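A.B. asks: Enclosed is the structure file upload_36.tsv (TSV, C-alpha atoms).
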chain	number	residue	atom	x	y	z
L	1	MET	CA	-48.24	-33.55	47.85
L	2	TRP	CA	-46.85	-30.97	45.49
L	3	THR	CA	-45.94	-33.66	42.98
L	4	THR	CA	-49.60	-34.72	42.80
L	5	LYS	CA	-50.69	-31.15	42.22
L	6	VAL	CA	-48.09	-30.62	39.51
L	7	ARG	CA	-49.05	-33.90	37.80
L	8	GLU	CA	-52.76	-33.24	37.95
L	9	ARG	CA	-52.34	-29.72	36.64
L	10	ALA	CA	-50.01	-30.89	33.86
L	11	VAL	CA	-52.49	-33.55	32.71
L	12	ARG	CA	-55.38	-31.07	32.97
L	13	GLU	CA	-53.57	-28.38	31.00
L	14	MET	CA	-51.91	-30.69	28.50
L	15	PRO	CA	-54.02	-33.85	28.06
L	16	PRO	CA	-52.20	-36.53	25.99
L	17	GLU	CA	-54.82	-36.46	23.22
L	18	LYS	CA	-54.02	-32.78	22.66
L	19	LEU	CA	-50.26	-33.24	22.87
L	20	LEU	CA	-50.21	-36.02	20.27
L	21	PRO	CA	-53.45	-35.71	18.31
L	22	ASP	CA	-54.46	-38.15	15.59
L	23	ARG	CA	-56.75	-35.67	13.83
L	24	GLN	CA	-56.29	-32.09	12.68
L	25	PRO	CA	-58.82	-29.52	11.45
L	26	SER	CA	-59.36	-29.61	7.68
L	27	TYR	CA	-57.96	-26.10	7.22
L	28	VAL	CA	-54.51	-27.36	8.26
L	29	SER	CA	-54.28	-29.09	4.85
L	30	SER	CA	-52.20	-26.29	3.35
L	31	TRP	CA	-48.49	-25.90	2.71
L	32	ILE	CA	-48.47	-22.70	4.75
L	33	TYR	CA	-48.88	-24.82	7.90
L	34	VAL	CA	-45.70	-26.85	7.35
L	35	PHE	CA	-43.16	-24.11	7.99
L	36	GLY	CA	-43.27	-24.36	11.76
L	37	VAL	CA	-42.23	-27.99	11.67
L	38	VAL	CA	-39.67	-27.28	8.93
L	39	THR	CA	-38.15	-24.74	11.32
L	40	ILE	CA	-37.97	-27.34	14.09
L	41	ALA	CA	-36.50	-29.96	11.71
L	42	ALA	CA	-33.79	-27.49	10.66
L	43	PHE	CA	-33.16	-26.67	14.31
L	44	VAL	CA	-32.56	-30.36	15.09
L	45	VAL	CA	-29.89	-30.42	12.34
L	46	VAL	CA	-28.42	-27.17	13.73
L	47	ILE	CA	-28.09	-28.72	17.19
L	48	ALA	CA	-26.75	-32.06	15.94
L	49	SER	CA	-24.13	-30.48	13.66
L	50	GLY	CA	-23.30	-27.94	16.38
L	51	VAL	CA	-22.64	-30.73	18.88
L	52	VAL	CA	-20.17	-32.32	16.45
L	53	LEU	CA	-18.45	-28.97	15.79
L	54	GLY	CA	-18.21	-28.30	19.52
L	55	MET	CA	-16.71	-31.70	20.20
L	56	LYS	CA	-14.07	-31.35	17.48
L	57	GLY	CA	-13.12	-27.68	17.79
L	58	PRO	CA	-12.05	-24.78	15.51
L	59	GLU	CA	-8.93	-26.46	14.09
L	60	TRP	CA	-11.05	-29.36	12.86
L	61	TRP	CA	-13.77	-27.26	11.28
L	62	HIS	CA	-11.22	-25.05	9.51
L	63	LEU	CA	-8.61	-27.54	8.36
L	64	THR	CA	-10.29	-30.84	7.53
L	65	GLY	CA	-12.63	-31.83	4.73
L	66	LEU	CA	-15.16	-33.40	7.07
L	67	GLY	CA	-14.90	-30.35	9.35
L	68	HIS	CA	-15.73	-28.08	6.39
L	69	PHE	CA	-18.66	-30.32	5.54
L	70	VAL	CA	-20.15	-30.30	9.05
L	71	ASN	CA	-19.46	-26.58	9.35
L	72	SER	CA	-21.32	-25.99	6.09
L	73	MET	CA	-24.16	-28.23	7.22
L	74	HIS	CA	-24.43	-26.15	10.40
L	75	LEU	CA	-24.52	-22.92	8.38
L	76	TRP	CA	-27.06	-24.09	5.81
L	77	ALA	CA	-29.30	-25.62	8.47
L	78	VAL	CA	-29.30	-22.19	10.12
L	79	GLU	CA	-30.20	-20.62	6.76
L	80	ILE	CA	-33.14	-23.01	6.37
L	81	PHE	CA	-34.09	-22.47	10.03
L	82	PHE	CA	-34.41	-18.71	9.55
L	83	PHE	CA	-35.89	-19.00	6.07
L	84	ALA	CA	-38.67	-21.31	7.30
L	85	MET	CA	-39.17	-19.31	10.49
L	86	VAL	CA	-39.72	-16.07	8.55
L	87	VAL	CA	-42.24	-17.72	6.18
L	88	HIS	CA	-43.92	-19.26	9.27
L	89	LEU	CA	-43.99	-15.80	10.88
L	90	TRP	CA	-45.52	-14.18	7.77
L	91	GLY	CA	-48.12	-16.93	7.56
L	92	LYS	CA	-49.09	-16.58	11.21
L	93	PHE	CA	-49.12	-12.78	11.00
L	94	PHE	CA	-51.59	-12.78	8.12
L	95	MET	CA	-53.67	-15.48	9.86
L	96	GLY	CA	-53.84	-13.33	12.99
L	97	ALA	CA	-52.50	-16.34	14.90
L	98	TRP	CA	-52.84	-14.56	18.26
L	99	ARG	CA	-56.64	-14.79	18.06
L	100	GLY	CA	-58.70	-17.04	20.34
L	101	GLY	CA	-56.51	-16.81	23.43
L	102	ARG	CA	-53.32	-17.60	21.53
L	103	GLY	CA	-51.44	-14.46	22.58
L	104	ARG	CA	-48.76	-16.34	24.49
L	105	THR	CA	-48.18	-18.64	21.51
L	106	TRP	CA	-47.56	-15.60	19.30
L	107	VAL	CA	-45.29	-13.93	21.86
L	108	THR	CA	-43.18	-17.03	22.53
L	109	GLY	CA	-42.72	-17.41	18.76
L	110	ALA	CA	-41.68	-13.78	18.34
L	111	VAL	CA	-39.27	-13.96	21.30
L	112	THR	CA	-37.81	-17.19	19.89
L	113	PHE	CA	-37.10	-15.34	16.66
L	114	LEU	CA	-35.30	-12.54	18.50
L	115	VAL	CA	-33.25	-14.89	20.70
L	116	ALA	CA	-32.37	-17.01	17.65
L	117	ILE	CA	-30.91	-13.91	15.98
L	118	GLY	CA	-28.60	-13.56	18.99
L	119	ALA	CA	-27.73	-17.25	18.80
L	120	ALA	CA	-26.88	-16.95	15.10
L	121	PHE	CA	-24.89	-13.75	15.65
L	122	THR	CA	-22.74	-15.30	18.38
L	123	GLY	CA	-22.15	-18.19	15.97
L	124	TYR	CA	-20.89	-15.86	13.26
L	125	VAL	CA	-18.44	-14.25	15.67
L	126	SER	CA	-17.29	-17.69	16.92
L	127	GLN	CA	-16.02	-18.82	13.54
L	128	GLN	CA	-12.41	-17.98	14.43
L	129	ASN	CA	-11.54	-16.33	11.12
L	130	PHE	CA	-11.25	-12.85	9.57
L	131	ASP	CA	-14.97	-12.88	8.77
L	132	SER	CA	-15.86	-13.30	12.43
L	133	GLN	CA	-13.45	-10.49	13.39
L	134	TRP	CA	-15.02	-8.15	10.84
L	135	ILE	CA	-18.55	-9.04	12.00
L	136	ALA	CA	-17.53	-8.59	15.65
L	137	PHE	CA	-16.15	-5.10	15.17
L	138	GLU	CA	-19.05	-4.00	12.99
L	139	ALA	CA	-21.45	-5.41	15.60
L	140	LYS	CA	-19.64	-3.70	18.45
L	141	ASP	CA	-20.79	-0.35	17.06
L	142	GLY	CA	-24.32	-1.68	16.76
L	143	LEU	CA	-24.39	-3.02	20.33
L	144	ASN	CA	-22.94	0.26	21.62
L	145	ALA	CA	-25.57	2.18	19.69
L	146	VAL	CA	-28.40	0.30	21.40
L	147	GLY	CA	-26.76	0.70	24.82
L	148	ILE	CA	-25.74	-2.89	25.60
L	149	GLY	CA	-22.15	-2.76	24.37
L	150	SER	CA	-20.69	-2.79	27.89
L	151	PHE	CA	-22.27	-6.17	28.68
L	152	PHE	CA	-20.59	-8.09	25.86
L	153	ASN	CA	-17.13	-8.36	24.38
L	154	VAL	CA	-17.91	-9.61	20.91
L	155	ALA	CA	-14.21	-10.01	20.10
L	156	ASN	CA	-13.78	-12.48	22.98
L	157	PHE	CA	-14.11	-15.97	21.47
L	158	GLY	CA	-14.63	-17.75	24.81
L	159	GLN	CA	-17.40	-15.41	25.86
L	160	MET	CA	-19.22	-15.48	22.52
L	161	TYR	CA	-18.76	-19.25	22.20
L	162	THR	CA	-20.35	-19.82	25.62
L	163	TRP	CA	-23.32	-17.68	24.63
L	164	HIS	CA	-23.51	-19.54	21.33
L	165	VAL	CA	-23.25	-23.18	22.45
L	166	ILE	CA	-24.84	-23.11	25.91
L	167	LEU	CA	-26.80	-20.06	27.01
L	168	LEU	CA	-28.71	-18.99	23.91
L	169	PRO	CA	-29.42	-22.52	22.54
L	170	THR	CA	-30.85	-23.46	25.95
L	171	VAL	CA	-33.17	-20.46	25.83
L	172	VAL	CA	-34.17	-21.23	22.23
L	173	VAL	CA	-34.89	-24.89	23.10
L	174	LEU	CA	-37.02	-23.90	26.12
L	175	LEU	CA	-38.91	-21.31	24.08
L	176	ILE	CA	-39.58	-23.77	21.25
L	177	VAL	CA	-40.82	-26.41	23.72
L	178	GLY	CA	-43.10	-23.84	25.36
L	179	HIS	CA	-44.27	-22.57	21.96
L	180	VAL	CA	-45.15	-26.06	20.71
L	181	LEU	CA	-46.94	-26.95	23.98
L	182	LEU	CA	-48.99	-23.77	23.69
L	183	VAL	CA	-49.83	-24.58	20.06
L	184	ARG	CA	-50.97	-28.05	21.09
L	185	ARG	CA	-53.04	-26.72	24.00
L	186	ALA	CA	-54.92	-24.02	22.10
L	187	GLY	CA	-54.86	-25.77	18.72
L	188	VAL	CA	-53.92	-24.30	15.35
L	189	VAL	CA	-55.59	-20.96	14.72
L	190	PRO	CA	-58.44	-21.26	12.22
L	191	PRO	CA	-58.42	-19.02	9.14
L	192	TYR	CA	-60.54	-15.86	9.27
L	193	ALA	CA	-63.29	-17.22	7.03
L	194	ALA	CA	-63.62	-20.44	9.02
L	195	ARG	CA	-63.85	-18.41	12.23
L	196	LEU	CA	-67.08	-16.87	10.98
L	197	ALA	CA	-68.67	-20.30	10.83
L	198	LYS	CA	-70.31	-21.29	14.06
L	199	GLY	CA	-68.11	-23.44	16.28
L	200	ALA	CA	-65.22	-23.41	13.83
L	201	ASP	CA	-62.97	-21.80	16.42
L	202	ASP	CA	-63.11	-24.95	18.51
L	203	GLU	CA	-60.57	-27.49	17.53
I	1	MET	CA	-5.58	-27.50	-3.83
I	2	ARG	CA	-8.80	-29.09	-4.94
I	3	ALA	CA	-8.99	-32.24	-6.98
I	4	SER	CA	-12.42	-31.38	-8.36
I	5	ILE	CA	-14.65	-28.34	-8.47
I	6	PRO	CA	-17.60	-28.72	-6.09
I	7	LEU	CA	-21.13	-27.83	-7.16
I	8	GLY	CA	-21.10	-24.82	-4.86
I	9	ALA	CA	-18.35	-23.30	-6.99
I	10	ILE	CA	-21.01	-22.24	-9.51
I	11	PHE	CA	-21.51	-19.34	-7.13
I	12	ASP	CA	-18.28	-17.72	-6.00
I	13	LEU	CA	-18.85	-17.15	-2.30
I	14	ASN	CA	-15.23	-16.31	-1.52
I	15	GLY	CA	-15.34	-12.61	-2.34
I	16	PRO	CA	-17.31	-9.62	-1.12
I	17	ALA	CA	-20.93	-9.56	-2.26
I	18	GLU	CA	-22.38	-7.11	-4.76
I	19	TYR	CA	-24.63	-4.46	-3.22
I	20	VAL	CA	-27.84	-2.91	-4.45
I	21	SER	CA	-28.32	0.73	-3.51
I	22	TRP	CA	-31.70	2.42	-3.84
I	23	HIS	CA	-32.12	5.78	-2.09
I	24	PHE	CA	-31.28	5.07	1.58
I	25	ILE	CA	-31.69	1.30	1.16
I	26	GLN	CA	-28.49	-0.69	0.75
I	27	ILE	CA	-28.64	-4.46	0.68
I	28	SER	CA	-26.35	-7.20	-0.56
I	29	VAL	CA	-27.50	-9.22	-3.54
I	30	PRO	CA	-27.43	-12.53	-1.56
I	31	ASN	CA	-29.70	-11.05	1.11
I	32	LEU	CA	-32.01	-9.65	-1.55
I	33	VAL	CA	-32.14	-13.06	-3.26
I	34	VAL	CA	-33.04	-14.77	0.04
I	35	ILE	CA	-35.84	-12.26	0.72
I	36	ALA	CA	-37.17	-12.74	-2.83
I	37	LEU	CA	-37.05	-16.53	-2.40
I	38	MET	CA	-38.95	-16.28	0.90
I	39	ILE	CA	-41.69	-14.29	-0.83
I	40	VAL	CA	-41.82	-16.82	-3.68
I	41	VAL	CA	-42.06	-19.75	-1.22
I	42	PHE	CA	-44.70	-17.92	0.83
I	43	VAL	CA	-46.90	-17.30	-2.22
I	44	ALA	CA	-46.30	-20.84	-3.52
I	45	ALA	CA	-47.34	-22.28	-0.14
I	46	LEU	CA	-50.65	-20.44	-0.43
I	47	LEU	CA	-51.32	-21.40	-4.03
I	48	ILE	CA	-50.04	-24.95	-4.44
I	49	PRO	CA	-52.70	-27.46	-3.39
I	50	PHE	CA	-51.82	-29.70	-0.46
I	51	PRO	CA	-51.94	-33.42	-1.28
I	52	LYS	CA	-55.07	-34.97	0.15
I	53	ARG	CA	-54.73	-37.92	2.47
I	54	GLU	CA	-57.09	-40.84	2.12
I	55	ARG	CA	-59.69	-40.71	4.84
I	56	GLU	CA	-59.45	-43.25	7.58
I	57	PRO	CA	-62.57	-45.36	8.10
Rewrite the structure of this file - the entire thing - as structure tokens.
C.D. replies:
Amino acid sequence: MWTTKVRERAVREMPPEKLLPDRQPSYVSSWIYVFGVVTIAAFVVVIASGVVLGMKGPEWWHLTGLGHFVNSMHLWAVEIFFFAMVVHLWGKFFMGAWRGGRGRTWVTGAVTFLVAIGAAFTGYVSQQNFDSQWIAFEAKDGLNAVGIGSFFNVANFGQMYTWHVILLPTVVVLLIVGHVLLVRRAGVVPPYAARLAKGADDE
Amino acid sequence: MRASIPLGAIFDLNGPAEYVSWHFIQISVPNLVVIALMIVVFVAALLIPFPKREREP
């Protein structure tokens, strides 16, 4: 049966001891390795605060104290999300994290970064204030300049809000899940010096 | 009307940001500060020793 094949392949590709390991290579004992998980932690706060904002609506996040607070939490979680993701990206770039058959891990991370920029942008234009209007009309020129202006109406709240709360977050979640699974399957890339040592590339 | 001044009021975020212009580069001070902080955190992450965990038997 196809279910058997899928299950057997899933277990073969992603054995439980690799998905949830109890040991890590010694080189992972560095602060530079924490920024990936900081990014995910911030993303969880982004989603949780975003769910609350979505349930309550623009009037609530503009006119109530608690709405301001959750709105600010959403914004600052996004700031930490991008901050940590950029430091994570720099770290992985200088580690050459695509080495040892980890090309797809690198690419999924890079694509996540690009899609997240779109997710953040659609959030800025969904604020329902003068700031979002200004950003939308500045961005319209940018989108026209790169030839995709006809696909989006950045001044349309409903359209941008749908991209922001459903379409792009779904893509980001799927990419992050795929990225983490790929990291777990191939293991964390060893530093250059450790790679020279025999067998150090094997996790 | 606010009953008390929140901590965030130390930085006035309600006006347009100052910009730094250098040749063709133009960037707002907040963005420049964030980039500088990312570099500081990146270097600190490389230099600050990671706390060692006691080895399991």
A.B. asks: Report, in Å with one decimal, the straight-line distance from atom CA of I:Ile39 to atom CA of L:Lys92.
C.D. replies: 14.3 Å
A.B. asks: Atom CA of L:His164 to atom CA of L:Ala119: how many Å, to one decimal?
C.D. replies: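 Separation of atom CA of L:His164 and atom CA of L:Ala119: 5.4 Å.
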A.B. asks: What is the distance between atom CA of L:Ala155 and atom CA of L:Met85, in Å to one decimal?
C.D. replies: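 Atom-to-atom, atom CA of L:Ala155 and atom CA of L:Met85 are spaced 28.3 Å apart.
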A.B. asks: Check every residue of chain I for an atom within 10 Å of chain L, counting only C-alpha atoms, and provide those that qualify as a PDB file with C-alpha atoms, in the coordinates of the input.
C.D. replies:
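This went into iface.pdb:
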ATOM      1  CA  VAL I  34     -33.040 -14.770   0.040  1.00  0.00           C
ATOM      2  CA  ILE I  35     -35.840 -12.260   0.720  1.00  0.00           C
ATOM      3  CA  LEU I  37     -37.050 -16.530  -2.400  1.00  0.00           C
ATOM      4  CA  MET I  38     -38.950 -16.280   0.900  1.00  0.00           C
ATOM      5  CA  ILE I  39     -41.690 -14.290  -0.830  1.00  0.00           C
ATOM      6  CA  VAL I  40     -41.820 -16.820  -3.680  1.00  0.00           C
ATOM      7  CA  VAL I  41     -42.060 -19.750  -1.220  1.00  0.00           C
ATOM      8  CA  PHE I  42     -44.700 -17.920   0.830  1.00  0.00           C
ATOM      9  CA  VAL I  43     -46.900 -17.300  -2.220  1.00  0.00           C
ATOM     10  CA  ALA I  44     -46.300 -20.840  -3.520  1.00  0.00           C
ATOM     11  CA  ALA I  45     -47.340 -22.280  -0.140  1.00  0.00           C
ATOM     12  CA  LEU I  46     -50.650 -20.440  -0.430  1.00  0.00           C
ATOM     13  CA  LEU I  47     -51.320 -21.400  -4.030  1.00  0.00           C
ATOM     14  CA  ILE I  48     -50.040 -24.950  -4.440  1.00  0.00           C
ATOM     15  CA  PRO I  49     -52.700 -27.460  -3.390  1.00  0.00           C
ATOM     16  CA  PHE I  50     -51.820 -29.700  -0.460  1.00  0.00           C
ATOM     17  CA  PRO I  51     -51.940 -33.420  -1.280  1.00  0.00           C
ATOM     18  CA  LYS I  52     -55.070 -34.970   0.150  1.00  0.00           C
ATOM     19  CA  ARG I  53     -54.730 -37.920   2.470  1.00  0.00           C
TER      20      ARG I  53
END
A.B. asks: Could you write out as lines of an AutoDock Vina configuration file the box around stretch 168-183 of chain L (axis-aligned, all atoms listed in the file, 5 Å on each side), with centre and edge lengths in Å to one decimal?
C.D. replies:
center_x = -39.3
center_y = -23.0
center_z = 23.1
size_x = 31.1
size_y = 18.0
size_z = 16.1
A.B. asks: Applying 10 Å and all atoms listed in the file, which residues near L:Val173 remain after dropping the ones on its own chain fewer than 2 positions away? List them as a list of chain:residue names.
C.D. replies: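 After dropping sequence-adjacent residues, the list is L:Ile40, L:Phe43, L:Val44, L:Ile47, L:Thr112, L:Ala116, L:Leu168, L:Pro169, L:Thr170, L:Val171, L:Leu175, L:Ile176, L:Val177, L:Gly178, L:His179.
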A.B. asks: List as a PyMOL selection string the residues having at least one atom at most 7 Å from position (-25.2, -9.3, -5.2) as given in the file, counting only C-alpha atoms.
C.D. replies: chain I and resi 17-20+28-30
A.B. asks: Could you give me, as JSON, numbers by chain, the residues within 9 Å of stretch 53-63 of chain L, counting all atoms listed in the file and dropping anything in the same chain fewer than 3 positions from it?
C.D. replies: {"L": [48, 49, 50, 66, 67, 68, 69, 70, 71, 74, 126, 127, 128, 129, 165]}
A.B. asks: Could you check the closest approach to L:Gly36 for each of L:Pro16, L:Leu174, L:Phe82, L:Ala139 and tell me which residue wins, using all atoms listed in the file?
C.D. replies: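 The answer is L:Phe82, which sits nearest to L:Gly36.
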A.B. asks: Export stretch 64-124 of chain L of the preceding structure, keeping C-alpha atoms, as a short mmCIF file (atom, residue, chain, number, x, y, z; two decimals), in the first residue's frame.
C.D. replies:
data_model
loop_
_atom_site.label_atom_id
_atom_site.label_comp_id
_atom_site.auth_asym_id
_atom_site.auth_seq_id
_atom_site.Cartn_x
_atom_site.Cartn_y
_atom_site.Cartn_z
CA THR L 64 -7.52 49.84 23.09
CA GLY L 65 -4.60 49.60 25.48
CA LEU L 66 -4.42 45.83 25.26
CA GLY L 67 -4.71 46.06 21.47
CA HIS L 68 -1.72 48.43 21.39
CA PHE L 69 0.20 46.03 23.60
CA VAL L 70 -0.47 42.95 21.44
CA ASN L 71 0.17 44.99 18.30
CA SER L 72 3.53 46.10 19.72
CA MET L 73 4.34 42.54 20.75
CA HIS L 74 3.64 41.43 17.18
CA LEU L 75 5.91 44.16 15.79
CA TRP L 76 8.80 43.56 18.19
CA ALA L 77 8.61 39.79 17.76
CA VAL L 78 8.98 40.43 14.03
CA GLU L 79 11.98 42.67 14.74
CA ILE L 80 13.61 39.90 16.80
CA PHE L 81 12.64 37.33 14.15
CA PHE L 82 14.48 39.22 11.41
CA PHE L 83 17.34 40.28 13.68
CA ALA L 84 18.03 36.67 14.71
CA MET L 85 17.47 35.37 11.19
CA VAL L 86 20.06 37.76 9.73
CA VAL L 87 22.66 36.83 12.39
CA HIS L 88 21.81 33.14 11.73
CA LEU L 89 22.26 33.77 7.99
CA TRP L 90 25.64 35.49 8.50
CA GLY L 91 26.79 32.66 10.75
CA LYS L 92 25.77 29.98 8.26
CA PHE L 93 27.26 31.91 5.34
CA PHE L 94 30.68 32.12 6.99
CA MET L 95 30.42 28.45 8.05
CA GLY L 96 29.69 27.46 4.45
CA ALA L 97 26.59 25.70 5.76
CA TRP L 98 25.73 24.29 2.32
CA ARG L 99 28.71 21.90 2.50
CA GLY L 100 28.32 18.13 2.88
CA GLY L 101 25.09 17.74 0.92
CA ARG L 102 23.32 20.53 2.78
CA GLY L 103 22.44 22.58 -0.31
CA ARG L 104 18.70 22.19 0.15
CA THR L 105 18.98 23.28 3.79
CA TRP L 106 20.73 26.48 2.69
CA VAL L 107 18.24 27.15 -0.11
CA THR L 108 15.14 26.58 2.04
CA GLY L 109 16.61 28.99 4.61
CA ALA L 110 17.32 31.64 1.98
CA VAL L 111 13.85 31.27 0.44
CA THR L 112 12.29 31.50 3.91
CA PHE L 113 14.08 34.80 4.39
CA LEU L 114 12.73 36.16 1.09
CA VAL L 115 9.15 34.99 1.73
CA ALA L 116 9.30 36.38 5.28
CA ILE L 117 10.14 39.80 3.83
CA GLY L 118 6.91 39.60 1.83
CA ALA L 119 5.01 38.48 4.92
CA ALA L 120 6.38 41.42 6.92
CA PHE L 121 5.70 43.88 4.10
CA THR L 122 2.06 42.82 3.77
CA GLY L 123 1.82 43.28 7.54
CA TYR L 124 3.08 46.85 7.33
#
